[in-house]
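This is model01.tsv (TSV, C-alpha atoms and all ligand atoms).
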```
chain	number	residue	atom	x	y	z
A	417	MET	CA	0.68	-14.73	-6.57
A	418	THR	CA	-0.60	-14.03	-10.06
A	419	LEU	CA	-4.30	-13.16	-10.06
A	420	LEU	CA	-4.84	-12.44	-13.73
A	421	SER	CA	-2.70	-13.44	-16.64
A	422	ILE	CA	-3.45	-12.14	-20.11
A	423	LYS	CA	-1.70	-14.10	-22.82
A	424	ASN	CA	-1.45	-13.09	-26.47
A	425	GLU	CA	-4.86	-11.48	-26.44
A	426	ASN	CA	-6.36	-10.13	-29.65
A	427	VAL	CA	-9.69	-8.37	-30.05
A	428	ILE	CA	-11.04	-7.63	-33.51
A	429	TYR	CA	-14.23	-5.66	-34.12
A	430	LYS	CA	-15.92	-6.72	-37.35
A	431	VAL	CA	-17.78	-3.76	-38.74
A	432	LYS	CA	-18.89	-3.12	-42.32
A	433	ASN	CA	-16.39	-5.48	-43.99
A	434	LYS	CA	-13.63	-4.00	-41.87
A	435	SER	CA	-11.64	-5.70	-39.15
A	436	ILE	CA	-10.56	-3.24	-36.48
A	437	HIS	CA	-7.66	-4.64	-34.48
A	438	ALA	CA	-8.45	-2.96	-31.16
A	439	VAL	CA	-6.23	-5.22	-29.01
A	440	ASN	CA	-3.15	-6.71	-30.58
A	441	ASN	CA	-1.23	-9.59	-29.07
A	442	VAL	CA	-1.30	-8.17	-25.56
A	443	SER	CA	0.26	-10.14	-22.68
A	444	PHE	CA	0.81	-9.18	-19.06
A	445	ASP	CA	0.26	-10.48	-15.53
A	446	ILE	CA	-1.38	-8.83	-12.55
A	447	GLU	CA	-0.28	-9.99	-9.13
A	448	GLN	CA	-2.60	-10.13	-6.13
A	449	GLN	CA	-3.04	-6.67	-4.57
A	450	ASP	CA	-1.35	-4.96	-7.47
A	451	SER	CA	-2.78	-1.71	-8.68
A	452	LEU	CA	-2.30	-1.34	-12.40
A	453	GLY	CA	-2.93	1.86	-14.32
A	454	ILE	CA	-3.69	1.48	-18.03
A	455	VAL	CA	-2.95	4.66	-19.97
A	456	GLY	CA	-2.96	5.66	-23.62
A	457	GLU	CA	-4.77	8.16	-25.78
A	458	SER	CA	-8.38	7.87	-26.86
A	459	GLY	CA	-8.94	4.86	-29.12
A	460	SER	CA	-5.87	2.91	-27.95
A	461	GLY	CA	-7.96	-0.08	-26.82
A	462	LYS	CA	-8.07	0.40	-23.04
A	463	SER	CA	-11.83	-0.08	-22.62
A	464	THR	CA	-11.88	-2.93	-25.13
A	465	LEU	CA	-9.27	-4.73	-23.06
A	466	ALA	CA	-11.22	-4.10	-19.84
A	467	LEU	CA	-14.53	-5.23	-21.32
A	468	SER	CA	-12.91	-8.36	-22.73
A	469	ILE	CA	-11.77	-9.44	-19.24
A	470	LEU	CA	-15.40	-9.43	-18.09
A	471	ARG	CA	-16.55	-10.86	-21.42
A	472	LEU	CA	-18.81	-7.84	-21.90
A	473	LEU	CA	-17.96	-7.17	-25.57
A	474	PRO	CA	-20.75	-7.59	-28.15
A	475	LYS	CA	-20.56	-11.25	-29.20
A	476	LYS	CA	-21.76	-10.84	-32.75
A	477	THR	CA	-19.28	-8.21	-33.82
A	478	THR	CA	-16.15	-9.12	-31.89
A	479	GLU	CA	-13.57	-11.87	-32.11
A	480	VAL	CA	-11.48	-12.43	-29.00
A	481	SER	CA	-8.53	-14.82	-29.01
A	482	GLY	CA	-5.67	-15.67	-26.67
A	483	GLU	CA	-6.10	-16.44	-23.00
A	484	ILE	CA	-7.47	-14.46	-20.04
A	485	ILE	CA	-6.55	-16.58	-17.06
A	486	PHE	CA	-8.09	-15.59	-13.74
A	487	GLU	CA	-7.00	-17.73	-10.77
A	488	GLY	CA	-5.99	-20.50	-13.15
A	489	ILE	CA	-9.20	-20.49	-15.23
A	490	ASN	CA	-9.34	-19.22	-18.81
A	491	LEU	CA	-12.35	-16.89	-18.78
A	492	LEU	CA	-12.66	-17.24	-22.55
A	493	ASP	CA	-13.54	-20.92	-22.08
A	494	LEU	CA	-16.42	-20.32	-19.65
A	495	SER	CA	-20.11	-20.57	-20.50
A	496	GLU	CA	-22.41	-17.62	-19.75
A	497	SER	CA	-23.75	-19.36	-16.63
A	498	GLU	CA	-20.25	-20.13	-15.37
A	499	LEU	CA	-19.36	-16.47	-15.93
A	500	GLU	CA	-22.17	-15.45	-13.60
A	501	ASN	CA	-20.06	-16.78	-10.75
A	502	ILE	CA	-17.17	-14.55	-11.76
A	503	ARG	CA	-18.77	-11.27	-12.80
A	504	TRP	CA	-19.36	-8.97	-9.81
A	505	LYS	CA	-18.48	-11.75	-7.35
A	506	GLU	CA	-14.83	-12.13	-8.33
A	507	ILE	CA	-14.27	-9.31	-10.83
A	508	SER	CA	-16.29	-6.12	-10.90
A	509	VAL	CA	-16.19	-2.94	-12.91
A	510	VAL	CA	-16.95	0.75	-12.44
A	511	PHE	CA	-17.46	2.89	-15.53
A	512	GLN	CA	-17.60	6.66	-15.83
A	513	LYS	CA	-21.37	6.46	-16.09
A	514	SER	CA	-22.07	3.26	-14.19
A	515	MET	CA	-25.01	4.90	-12.41
A	516	ASN	CA	-26.84	5.21	-15.72
A	517	SER	CA	-27.62	1.53	-15.50
A	518	LEU	CA	-29.72	2.17	-12.38
A	519	SER	CA	-33.37	3.17	-12.56
A	520	PRO	CA	-34.19	6.86	-11.95
A	521	ILE	CA	-37.59	5.99	-10.46
A	522	HIS	CA	-36.54	3.68	-7.62
A	523	LYS	CA	-34.74	4.59	-4.44
A	524	ILE	CA	-30.99	3.90	-4.40
A	525	GLY	CA	-31.28	1.61	-1.36
A	526	SER	CA	-33.95	-0.64	-2.83
A	527	GLN	CA	-31.99	-1.02	-6.06
A	528	MET	CA	-28.79	-1.81	-4.19
A	529	SER	CA	-30.69	-4.38	-2.11
A	530	ASP	CA	-32.19	-5.97	-5.23
A	531	ILE	CA	-28.73	-6.33	-6.78
A	532	TYR	CA	-27.42	-7.88	-3.58
A	533	MET	CA	-30.35	-10.33	-3.44
A	534	LEU	CA	-29.65	-11.53	-6.99
A	535	HIS	CA	-26.58	-13.36	-5.71
A	536	ASN	CA	-27.77	-13.88	-2.13
A	537	LYS	CA	-31.26	-15.19	-2.62
A	538	THR	CA	-31.66	-16.53	0.89
A	539	ALA	CA	-30.49	-13.39	2.71
A	540	SER	CA	-32.86	-12.13	5.41
A	541	LYS	CA	-34.17	-8.53	5.39
A	542	ALA	CA	-31.97	-7.65	8.36
A	543	GLU	CA	-28.89	-9.10	6.70
A	544	VAL	CA	-29.54	-7.08	3.52
A	545	LYS	CA	-30.07	-3.88	5.50
A	546	ASN	CA	-26.86	-4.47	7.47
A	547	LYS	CA	-24.92	-5.04	4.27
A	548	MET	CA	-26.26	-1.82	2.72
A	549	THR	CA	-25.38	0.17	5.85
A	550	GLU	CA	-21.88	-1.29	5.75
A	551	LEU	CA	-21.47	-0.53	2.03
A	552	LEU	CA	-22.56	3.09	2.35
A	553	GLU	CA	-20.16	3.53	5.26
A	554	LEU	CA	-17.38	1.92	3.26
A	555	VAL	CA	-17.58	4.55	0.53
A	556	ASN	CA	-18.20	7.44	2.96
A	557	LEU	CA	-21.81	8.06	1.98
A	558	PRO	CA	-24.39	9.21	4.53
A	559	GLN	CA	-27.07	6.63	5.34
A	560	ARG	CA	-29.77	8.94	3.94
A	561	VAL	CA	-28.57	8.02	0.44
A	562	TYR	CA	-30.48	4.78	1.00
A	563	THR	CA	-33.79	6.59	0.61
A	564	MET	CA	-32.68	9.01	-2.10
A	565	TYR	CA	-33.21	8.92	-5.86
A	566	GLN	CA	-30.49	9.10	-8.48
A	567	HIS	CA	-31.31	12.72	-9.45
A	568	GLU	CA	-30.79	13.83	-5.86
A	569	LEU	CA	-27.15	12.74	-5.82
A	570	SER	CA	-24.10	14.79	-6.83
A	571	GLY	CA	-21.64	13.36	-9.37
A	572	GLY	CA	-19.27	12.36	-6.59
A	573	MET	CA	-22.06	10.64	-4.62
A	574	MET	CA	-23.14	8.76	-7.74
A	575	GLN	CA	-19.64	7.45	-8.33
A	576	ARG	CA	-19.44	6.44	-4.67
A	577	VAL	CA	-22.67	4.44	-5.12
A	578	SER	CA	-21.14	2.80	-8.22
A	579	ILE	CA	-18.04	1.91	-6.23
A	580	ALA	CA	-20.21	0.54	-3.40
A	581	LEU	CA	-22.05	-1.64	-5.93
A	582	SER	CA	-18.78	-2.92	-7.34
A	583	LEU	CA	-17.60	-3.91	-3.84
A	584	MET	CA	-20.90	-5.54	-2.88
A	585	HIS	CA	-19.79	-9.14	-3.36
A	586	ASN	CA	-16.21	-8.69	-2.09
A	587	PRO	CA	-14.53	-9.08	-5.49
A	588	LYS	CA	-10.85	-9.89	-5.79
A	589	LEU	CA	-10.37	-7.66	-8.81
A	590	ILE	CA	-11.98	-4.31	-9.53
A	591	ILE	CA	-11.67	-2.58	-12.88
A	592	MET	CA	-12.26	1.17	-12.97
A	593	ASP	CA	-12.66	2.64	-16.43
A	594	GLU	CA	-12.37	6.43	-16.24
A	595	ALA	CA	-14.42	6.08	-13.05
A	596	THR	CA	-13.42	9.43	-11.58
A	597	THR	CA	-12.57	11.37	-14.75
A	598	ALA	CA	-15.79	13.40	-14.87
A	599	LEU	CA	-15.44	14.63	-11.28
A	600	ASP	CA	-13.85	17.85	-10.12
A	601	VAL	CA	-10.23	17.45	-8.99
A	602	ILE	CA	-11.01	17.72	-5.30
A	603	THR	CA	-13.72	15.05	-5.32
A	604	GLN	CA	-11.58	12.89	-7.62
A	605	GLY	CA	-8.66	13.21	-5.20
A	606	GLN	CA	-10.83	12.29	-2.20
A	607	ILE	CA	-12.37	9.26	-3.89
A	608	LEU	CA	-9.01	8.05	-5.15
A	609	SER	CA	-7.42	8.25	-1.73
A	610	GLU	CA	-10.41	6.44	-0.23
A	611	ILE	CA	-10.10	3.71	-2.87
A	612	THR	CA	-6.42	3.14	-2.19
A	613	GLU	CA	-7.23	2.90	1.53
A	614	LEU	CA	-10.10	0.50	0.89
A	615	GLU	CA	-8.22	-1.84	-1.36
A	616	LYS	CA	-5.55	-2.35	1.27
A	617	ARG	CA	-8.23	-3.07	3.85
A	618	LEU	CA	-10.25	-5.39	1.62
A	619	ASN	CA	-7.34	-7.04	-0.24
A	620	VAL	CA	-8.64	-5.92	-3.61
A	621	THR	CA	-6.54	-5.79	-6.76
A	622	ARG	CA	-7.30	-2.80	-9.00
A	623	ILE	CA	-7.02	-2.05	-12.69
A	624	MET	CA	-7.47	1.64	-13.31
A	625	ILE	CA	-8.01	3.01	-16.80
A	626	THR	CA	-7.33	6.71	-17.13
A	627	HIS	CA	-6.01	9.41	-19.41
A	628	ASP	CA	-4.34	11.00	-16.44
A	629	MET	CA	-0.74	9.98	-15.87
A	630	SER	CA	-0.64	11.82	-12.53
A	631	VAL	CA	-3.54	9.67	-11.25
A	632	VAL	CA	-1.52	6.56	-12.10
A	633	ALA	CA	1.64	8.01	-10.59
A	634	ASN	CA	-0.20	8.73	-7.33
A	635	THR	CA	-2.41	5.68	-6.96
A	636	CYS	CA	-0.90	2.73	-8.85
A	637	LYS	CA	2.03	0.40	-8.40
A	638	LYS	CA	2.32	-0.65	-12.02
A	639	ILE	CA	1.53	0.87	-15.37
A	640	ALA	CA	0.56	-0.48	-18.78
A	641	VAL	CA	0.93	1.93	-21.68
A	642	MET	CA	-1.23	1.14	-24.69
A	643	TYR	CA	-0.85	2.53	-28.17
A	644	ALA	CA	-3.12	1.57	-31.07
A	645	GLY	CA	-4.12	-1.71	-29.44
A	646	ASN	CA	-0.56	-2.66	-28.49
A	647	LEU	CA	0.98	-2.84	-25.06
A	648	VAL	CA	4.06	-0.73	-25.71
A	649	GLU	CA	5.43	-0.51	-22.17
A	650	PHE	CA	4.66	-2.24	-18.87
A	651	GLY	CA	6.31	-2.17	-15.47
A	652	PHE	CA	6.52	-0.53	-12.09
A	653	VAL	CA	5.37	3.10	-12.01
A	654	LYS	CA	8.54	4.16	-10.22
A	655	ASP	CA	10.74	2.63	-12.94
A	656	ILE	CA	8.71	3.98	-15.86
A	657	ILE	CA	8.11	7.51	-14.59
A	658	SER	CA	11.78	8.03	-13.81
A	659	ASN	CA	13.06	6.38	-16.97
A	660	PRO	CA	10.47	5.81	-19.71
A	661	LYS	CA	11.91	3.60	-22.45
A	662	HIS	CA	9.28	3.69	-25.17
A	663	PRO	CA	9.18	6.93	-27.21
A	664	TYR	CA	5.37	6.96	-26.80
A	665	THR	CA	5.63	6.74	-23.00
A	666	GLN	CA	8.25	9.49	-23.11
A	667	GLY	CA	5.83	11.64	-25.12
A	668	LEU	CA	2.92	10.89	-22.77
A	669	LEU	CA	4.96	11.86	-19.74
A	670	LYS	CA	6.02	15.12	-21.38
A	671	SER	CA	2.37	15.84	-22.11
A	672	PHE	CA	1.48	16.03	-18.43
A	673	PRO	CA	2.70	18.62	-15.98
A	674	THR	CA	4.39	17.16	-12.93
A	675	LEU	CA	2.49	17.75	-9.73
A	676	LYS	CA	5.41	18.81	-7.63
A	677	GLY	CA	8.09	19.79	-10.11
A	678	GLU	CA	8.52	22.90	-12.19
A	679	ARG	CA	5.78	23.75	-14.64
A	680	GLY	CA	7.16	23.22	-18.12
A	681	VAL	CA	5.58	23.66	-21.52
A	682	LEU	CA	3.15	20.85	-22.34
A	683	ARG	CA	4.44	19.00	-25.31
A	684	GLY	CA	1.92	16.73	-26.93
A	685	ILE	CA	2.69	13.97	-29.38
A	686	SER	CA	2.09	15.19	-32.90
A	687	GLY	CA	0.10	13.09	-35.35
A	688	SER	CA	-2.73	10.69	-34.62
A	689	LEU	CA	-3.40	6.99	-34.13
A	690	PRO	CA	-2.98	4.85	-37.26
A	691	ASP	CA	-5.97	3.18	-38.94
A	692	LEU	CA	-6.55	0.02	-36.89
A	693	SER	CA	-8.22	-1.74	-39.83
A	694	VAL	CA	-4.99	-1.68	-41.88
A	695	GLN	CA	-2.13	-4.09	-41.17
A	696	HIS	CA	1.25	-2.47	-40.60
A	697	ASP	CA	4.58	-4.03	-41.54
A	698	GLY	CA	6.76	-2.00	-39.24
A	699	CYS	CA	6.35	-0.55	-35.77
A	700	ILE	CA	2.84	0.69	-35.07
A	701	PHE	CA	4.24	3.96	-33.59
A	702	GLU	CA	6.67	4.58	-36.44
A	703	SER	CA	4.70	7.40	-38.14
A	704	ARG	CA	4.87	9.51	-34.96
A	705	CYS	CA	8.22	8.46	-33.59
A	706	ALA	CA	11.04	10.99	-33.52
A	707	ALA	CA	13.60	8.28	-32.71
A	708	LYS	CA	12.75	5.83	-35.50
A	709	GLY	CA	15.37	4.05	-37.59
A	710	GLU	CA	15.28	2.09	-40.87
A	711	ARG	CA	14.33	-1.13	-39.11
A	712	CYS	CA	11.23	0.44	-37.56
A	713	LEU	CA	9.68	0.97	-41.00
A	714	LYS	CA	10.01	-2.68	-42.00
A	715	GLU	CA	9.93	-4.83	-38.92
A	716	LYS	CA	7.44	-4.92	-36.08
A	717	PRO	CA	9.37	-4.85	-32.80
A	718	GLY	CA	8.97	-7.76	-30.41
A	719	THR	CA	8.59	-7.22	-26.69
A	720	VAL	CA	11.90	-6.74	-24.93
A	721	ILE	CA	11.89	-8.03	-21.35
A	722	LEU	CA	14.02	-5.98	-18.98
A	723	GLU	CA	14.74	-6.14	-15.25
A	724	ASN	CA	11.93	-5.96	-12.68
A	725	GLY	CA	9.25	-7.38	-14.99
A	726	ARG	CA	9.60	-4.39	-17.31
A	727	MET	CA	8.44	-4.92	-20.92
A	728	VAL	CA	9.02	-2.56	-23.83
A	729	MET	CA	7.88	-2.99	-27.42
A	730	CYS	CA	10.55	-1.02	-29.23
A	731	HIS	CA	13.58	-1.91	-31.35
A	732	SER	CA	15.71	0.59	-29.49
A	733	ALA	CA	14.82	-0.76	-26.03
A	734	GLY	CA	17.18	-3.70	-26.47
A	735	GLY	CA	19.96	-1.34	-27.57
A	736	ASP	CA	20.32	-2.95	-31.00
A	737	ASN	CA	18.64	-0.42	-33.29
B	801	LIG	P1	-11.07	6.17	-24.80
B	801	LIG	O1	-9.88	6.69	-24.05
B	801	LIG	O2	-11.61	7.17	-25.76
B	801	LIG	O3	-12.12	5.57	-23.93
B	801	LIG	P2	-10.07	3.51	-25.42
B	801	LIG	O4	-8.58	3.43	-25.26
B	801	LIG	O5	-10.90	2.99	-24.31
B	801	LIG	O6	-10.47	5.02	-25.77
B	801	LIG	P3	-11.55	1.69	-27.11
B	801	LIG	O7	-12.88	2.25	-26.78
B	801	LIG	O8	-11.19	0.38	-26.54
B	801	LIG	O9	-10.40	2.75	-26.78
B	801	LIG	O10	-11.46	1.62	-28.70
B	801	LIG	C1	-10.37	0.99	-29.39
B	801	LIG	C2	-10.70	0.96	-30.87
B	801	LIG	O11	-11.81	0.10	-31.11
B	801	LIG	C3	-11.10	2.32	-31.46
B	801	LIG	O12	-10.60	2.38	-32.78
B	801	LIG	C4	-12.61	2.26	-31.47
B	801	LIG	O13	-13.11	3.06	-32.51
B	801	LIG	C5	-12.88	0.79	-31.74
B	801	LIG	N1	-14.13	0.33	-31.13
B	801	LIG	C6	-14.47	0.41	-29.82
B	801	LIG	N2	-15.68	-0.14	-29.59
B	801	LIG	C7	-16.13	-0.57	-30.80
B	801	LIG	C8	-17.31	-1.24	-31.24
B	801	LIG	N3	-18.27	-1.58	-30.37
B	801	LIG	N4	-17.41	-1.52	-32.56
B	801	LIG	C9	-16.43	-1.20	-33.41
B	801	LIG	N5	-15.29	-0.59	-33.08
B	801	LIG	C10	-15.13	-0.27	-31.79
B	802	MG	MG	-12.36	3.87	-23.07
```
Spell out the structure here as structure tokens.
Amino acid sequence: MTLLSIKNENVIYKVKNKSIHAVNNVSFDIEQQDSLGIVGESGSGKSTLALSILRLLPKKTTEVSGEIIFEGINLLDLSESELENIRWKEISVVFQKSMNSLSPIHKIGSQMSDIYMLHNKTASKAEVKNKMTELLELVNLPQRVYTMYQHELSGGMMQRVSIALSLMHNPKLIIMDEATTALDVITQGQILSEITELEKRLNVTRIMITHDMSVVANTCKKIAVMYAGNLVEFGFVKDIISNPKHPYTQGLLKSFPTLKGERGVLRGISGSLPDLSVQHDGCIFESRCAAKGERCLKEKPGTVILENGRMVMCHSAGGDN
């Protein structure tokens, strides 16, 4: 069953007489209990897309259009008070520095309890304490964290608290934006394997934003590749890793060493993202594409739909370039 369906979404930031097209006509579906990795270089629109799902973008300077349909409801149509029933309860988010939103002068446990009480006003003291015990256990934190302060926690413990907070109201969808990027590889690996365990147990669907293709390959079922605000490739990880169709995906995969295979030379993608405040006639990736043809300079490619729900935004993907 489809949990979230994004249809023709556009996000424009209006800054200083400029319109920055950070998300450009993006469409894809997420099925229940999917795990979707969103990858793409810095500035490709990953966080903008994530924030737009939770309607957390600054209202005054952003224009969002299209549809973001969660369980049949277009989130873009909801009022702020209606959204309160969705945020954290149905969809939650973990950022790289989520803990920064907590107070440094109050104990972790009392802050977690306060957040829980916001949505469970009638909960008894015992019920709250039980819930906190359960949450700390869930993310493999010792119970003493309850009486600790933020500065007493390691980076890994802090991210575990953030994950515990995001799971507090049993959400159906959890969005992790570079949530484990700042951690050392060992802690990152532990937390990621715990998350994949947990989501099976709790029936949670996950969107995972990361720069790290190997994290997606190891922990996600599907992948969305973004380039300059466009969804250039989407599909099952196993299909895309073994046979990337978009030249940008091919470049990204060459830029990361394989975990198990031979260590090759890292080949990056030369050039940089185009100016998102300028409209382009042709393909958005054209200036960096080694495989481009005449048509790519003049005509923006549509999205080619292939087998297994695979989507590729490239003239050559349909074999007619
Ligand atoms: P990173 O990997 O560095 O986190 P990202 O893929 O998450 O990058 P976004 O942060 O979504 O990218 O940014 C997409 C584009 O939108 C960039 O050009 C960025 O400069 C611009 N942008 C992001 N936030 C704002 C904002 N609040 N106001 C104006 N422009 C913004
Ligand atoms: Mg980001």
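Nearest residue to Val431 in chain A among A:Ser693, A:Asn546, A:Ser497, A:Gln512 is A:Ser693, counting all atoms listed in the file.
Minimum atom-to-atom distances from A:Glu498, A:Glu594, A:Glu702, A:Glu479 to ligand MG 802 (chain B) were compared using only C-alpha atoms and all ligand atoms, and the lowest value belongs to A:Glu594.
From CA of Gly461 in chain A back to atom N2 of ligand LIG 801 (chain B), the distance works out to 8.2 Å.
Closest approach to ligand LIG 801 (chain B) among A:Leu419, A:Ala706, A:Leu692, A:Ile489 is made by A:Leu692 (distances from all atoms listed in the file).
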Env. residues ligand LIG 801 (chain B) / 7 Å / all atoms listed in the file / as a VMD selection string: chain A and resid 429 to 431 436 438 456 to 465 474 627 645 692
Point-to-point distance in Å for CA of Val439 in chain A and CA of Leu608 in chain A: 27.4 Å
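Taking CA of Lys505 in chain A and CA of Gly651 in chain A as the two end points, the separation is 27.8 Å.
The shortest atom-to-atom distance to Gly482 in chain A, with all atoms listed in the file taken into account, belongs to A:Ser421 out of A:Ser421, A:Ser529, A:Gln604, A:Asn501.
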Selection near Gln559 in chain A, 10 Å with all atoms listed in the file, sequence-local residues under 6 positions removed, as a ChimeraX atom specification: /A:525,548-553
